[in-house]
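Trainee: Shown below is the structure under consideration.
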There are 2 protein chains.
Amino acid sequence: MVVDAAGSRVHAVHDTAVTRQTAQYYVDCLERRDWAGLAALLADDVVYEMPQTRERIRGRDAFVQFNIDYPGDWHMLLRQVVADGSLAALWLDVRVGGEQMDACVWLEMSDGGLISRIVDYWPEPYDPPPGREHLVERW
Amino acid sequence: MVVDAAGSRVHAVHDTAVTRQTAQYYVDCLERRDWAGLAALLADDVVYEMPQTRERIRGRDAFVQFNIDYPGDWHMLLRQVVADGSLAALWLDVRVGGEQMDACVWLEMSDGGLISRIVDYWPEPYDPPPGREHLVERW
């Protein structure tokens, strides 16, 4: 590991670029149903979590299978990727048939540059509470 | 603007550090109800959006007022900040009384380093669909 100030910065910049690329490729592999490509991005012991349903999937094989089995003709478009060292956040536009949803995904990379943790949020529409109409416009 | 390769990289590293600090300070100001501090981080024409309710608030004054008015004794803890140039993503643990929610927040900075866009997601719990129990553990 590089420990001097200049070296550390170069190392961090490099990590961020690799993380950003891996995060983009993750979405690309899912969209293309490239299961071998997806598997190659994942750590053996990757952990996938959906906090809204309190579900957790452990391991590369189970996570790839989960995606292979996922029902519907789903498609995802990368709206934004934010990468920072070994962390990334993905903002996705996901469509299944005529339905559109946004998703927020948090990724962590292992030291070896593989995805070691994925946390998915699937925020659903809801009605706004009353009392703030004077500050707000709707679309 | 610095246009040579080395200068651009230093500029990008600097932007990211400032963005990360601004994102952290944004959460800190909200948590401390430091409305002057919050206002100082925001562009005049900041736009705040909640895609789940299709609500939009335009302008610093309206957005600060929205937060002043927000009901309940809410508290937020920064779980993760991911900053990348002029973009940041915040993963928050938000508590109101005994209730806990996660939030995903996307920030954009203006050229002047002020927050120009905020997009909030408030993903609510839901029941998992059947058929994936063999791949999944619950917590």
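FYI, nothing fancy with the structure tokens labels: chains A, B, ... in order, residues from 1 per chain, ligands from 1 as they appear.
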Each residue of chain A with at least one atom at most 7 Å from chain B should appear once, together with its nearest atom pair and the corresponding distance in Å (one decimal); atoms considered: only C-alpha atoms; ordering: chain, then increasing residue number; output as JSON lines.
Mentor:
```
{"residue": "A:Gln52", "atom": "CA", "partner": "B:Pro125", "partner_atom": "CA", "distance": 4.1}
{"residue": "A:Thr53", "atom": "CA", "partner": "B:Tyr126", "partner_atom": "CA", "distance": 5.5}
{"residue": "A:Arg54", "atom": "CA", "partner": "B:Trp139", "partner_atom": "CA", "distance": 5.3}
{"residue": "A:Glu55", "atom": "CA", "partner": "B:Arg138", "partner_atom": "CA", "distance": 4.6}
{"residue": "A:Arg56", "atom": "CA", "partner": "B:Glu137", "partner_atom": "CA", "distance": 5.2}
{"residue": "A:Ile57", "atom": "CA", "partner": "B:Val136", "partner_atom": "CA", "distance": 4.9}
{"residue": "A:Ala62", "atom": "CA", "partner": "B:Leu135", "partner_atom": "CA", "distance": 5.9}
{"residue": "A:Phe66", "atom": "CA", "partner": "B:Leu135", "partner_atom": "CA", "distance": 6.9}
{"residue": "A:Val82", "atom": "CA", "partner": "B:Asp84", "partner_atom": "CA", "distance": 5.5}
{"residue": "A:Ala83", "atom": "CA", "partner": "B:Asp84", "partner_atom": "CA", "distance": 5.7}
{"residue": "A:Asp84", "atom": "CA", "partner": "B:Val82", "partner_atom": "CA", "distance": 5.5}
{"residue": "A:Leu87", "atom": "CA", "partner": "B:Val82", "partner_atom": "CA", "distance": 6.6}
{"residue": "A:Ala88", "atom": "CA", "partner": "B:Val82", "partner_atom": "CA", "distance": 6.5}
{"residue": "A:Ala89", "atom": "CA", "partner": "B:Ala89", "partner_atom": "CA", "distance": 6.5}
{"residue": "A:Cys104", "atom": "CA", "partner": "B:Cys104", "partner_atom": "CA", "distance": 6.9}
{"residue": "A:Tyr121", "atom": "CA", "partner": "B:Pro123", "partner_atom": "CA", "distance": 6.5}
{"residue": "A:Trp122", "atom": "CA", "partner": "B:Pro123", "partner_atom": "CA", "distance": 6.3}
{"residue": "A:Pro123", "atom": "CA", "partner": "B:Pro123", "partner_atom": "CA", "distance": 4.0}
{"residue": "A:Glu124", "atom": "CA", "partner": "B:Gln52", "partner_atom": "CA", "distance": 6.2}
{"residue": "A:Pro125", "atom": "CA", "partner": "B:Gln52", "partner_atom": "CA", "distance": 4.1}
{"residue": "A:Tyr126", "atom": "CA", "partner": "B:Thr53", "partner_atom": "CA", "distance": 5.5}
{"residue": "A:Asp127", "atom": "CA", "partner": "B:Thr53", "partner_atom": "CA", "distance": 5.7}
{"residue": "A:Pro128", "atom": "CA", "partner": "B:Thr53", "partner_atom": "CA", "distance": 5.6}
{"residue": "A:Leu135", "atom": "CA", "partner": "B:Ala62", "partner_atom": "CA", "distance": 5.9}
{"residue": "A:Val136", "atom": "CA", "partner": "B:Ile57", "partner_atom": "CA", "distance": 4.9}
{"residue": "A:Glu137", "atom": "CA", "partner": "B:Arg56", "partner_atom": "CA", "distance": 5.2}
{"residue": "A:Arg138", "atom": "CA", "partner": "B:Glu55", "partner_atom": "CA", "distance": 4.6}
{"residue": "A:Trp139", "atom": "CA", "partner": "B:Arg54", "partner_atom": "CA", "distance": 5.3}
```
Trainee: Any chance you could list, as number ranges by chain, the residues in stretch 6-134 of chain B that come up alpha helix (DSSP H) when DSSP is run on the backbone?
Mentor: B: 6-31, 35-41, 60-69
Trainee: Write out the residues from the selection above, keeping C-alpha atoms, as an mmCIF file, in the first residue's frame.
Mentor:
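Written file, selection.cif:
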```
data_model
loop_
_atom_site.group_PDB
_atom_site.id
_atom_site.type_symbol
_atom_site.label_atom_id
_atom_site.label_comp_id
_atom_site.auth_asym_id
_atom_site.auth_seq_id
_atom_site.Cartn_x
_atom_site.Cartn_y
_atom_site.Cartn_z
ATOM 1 C CA ALA B 6 -2.377 17.510 -14.363
ATOM 2 C CA GLY B 7 -4.239 20.692 -13.407
ATOM 3 C CA SER B 8 -7.610 19.199 -14.304
ATOM 4 C CA ARG B 9 -6.989 16.249 -12.055
ATOM 5 C CA VAL B 10 -6.047 18.435 -9.111
ATOM 6 C CA HIS B 11 -9.110 20.566 -9.820
ATOM 7 C CA ALA B 12 -11.350 17.464 -9.854
ATOM 8 C CA VAL B 13 -9.856 16.159 -6.596
ATOM 9 C CA HIS B 14 -10.426 19.541 -5.001
ATOM 10 C CA ASP B 15 -14.054 19.677 -6.222
ATOM 11 C CA THR B 16 -14.767 16.262 -4.791
ATOM 12 C CA ALA B 17 -13.371 17.169 -1.376
ATOM 13 C CA VAL B 18 -15.419 20.392 -1.261
ATOM 14 C CA THR B 19 -18.551 18.561 -2.447
ATOM 15 C CA ARG B 20 -18.089 15.846 0.209
ATOM 16 C CA GLN B 21 -17.660 18.454 2.924
ATOM 17 C CA THR B 22 -20.696 20.447 1.736
ATOM 18 C CA ALA B 23 -22.819 17.274 1.655
ATOM 19 C CA GLN B 24 -21.786 16.375 5.210
ATOM 20 C CA TYR B 25 -22.407 19.934 6.395
ATOM 21 C CA TYR B 26 -25.864 19.895 4.735
ATOM 22 C CA VAL B 27 -26.910 16.952 6.932
ATOM 23 C CA ASP B 28 -25.254 18.529 9.960
ATOM 24 C CA CYS B 29 -27.147 21.834 9.481
ATOM 25 C CA LEU B 30 -30.480 20.011 9.125
ATOM 26 C CA GLU B 31 -29.827 17.919 12.235
ATOM 27 C CA TRP B 35 -31.186 27.408 9.250
ATOM 28 C CA ALA B 36 -28.656 30.168 8.558
ATOM 29 C CA GLY B 37 -25.962 27.554 8.037
ATOM 30 C CA LEU B 38 -28.254 25.589 5.731
ATOM 31 C CA ALA B 39 -29.178 28.681 3.700
ATOM 32 C CA ALA B 40 -25.493 29.503 3.239
ATOM 33 C CA LEU B 41 -24.953 26.140 1.491
ATOM 34 C CA ARG B 60 -33.628 28.759 -1.132
ATOM 35 C CA ASP B 61 -36.200 30.553 1.016
ATOM 36 C CA ALA B 62 -39.006 28.100 0.242
ATOM 37 C CA PHE B 63 -36.756 25.094 0.829
ATOM 38 C CA VAL B 64 -35.479 26.384 4.180
ATOM 39 C CA GLN B 65 -39.077 27.153 5.198
ATOM 40 C CA PHE B 66 -40.134 23.627 4.181
ATOM 41 C CA ASN B 67 -37.546 22.240 6.602
ATOM 42 C CA ILE B 68 -38.442 24.674 9.399
ATOM 43 C CA ASP B 69 -42.089 23.622 9.034
#
```
Trainee: Can you list, as a PyMOL selection string, every protein, DNA or RNA residue that comes within 8 Å of A:Leu77 when you count only C-alpha atoms, leaving out same-chain residues fewer than 5 positions away?
Mentor: chain A and resi 27+92-94
Trainee: Write out the residues from the selection above, keeping C-alpha atoms, as an mmCIF file, in the first residue's frame.
Mentor:
```cif
data_model
loop_
_atom_site.group_PDB
_atom_site.id
_atom_site.type_symbol
_atom_site.label_atom_id
_atom_site.label_comp_id
_atom_site.auth_asym_id
_atom_site.auth_seq_id
_atom_site.Cartn_x
_atom_site.Cartn_y
_atom_site.Cartn_z
ATOM 1 C CA VAL A 27 -25.761 -1.872 -14.844
ATOM 2 C CA LEU A 92 -31.456 4.125 -12.031
ATOM 3 C CA ASP A 93 -34.524 4.507 -14.213
ATOM 4 C CA VAL A 94 -36.077 1.033 -14.317
#
```
Trainee: Which is closest to A:Asp44 among A:Leu114, A:Pro130, A:Val119, A:Leu78, if we use only C-alpha atoms?
Mentor: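 The shortest atom-to-atom distance to A:Asp44 comes from A:Leu114.
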Trainee: DSSP on the backbone, then: every residue of stretch 4-71 of chain B marked strand (DSSP E), written as a PyMOL selection string.
Mentor: chain B and resi 42-50+55-58
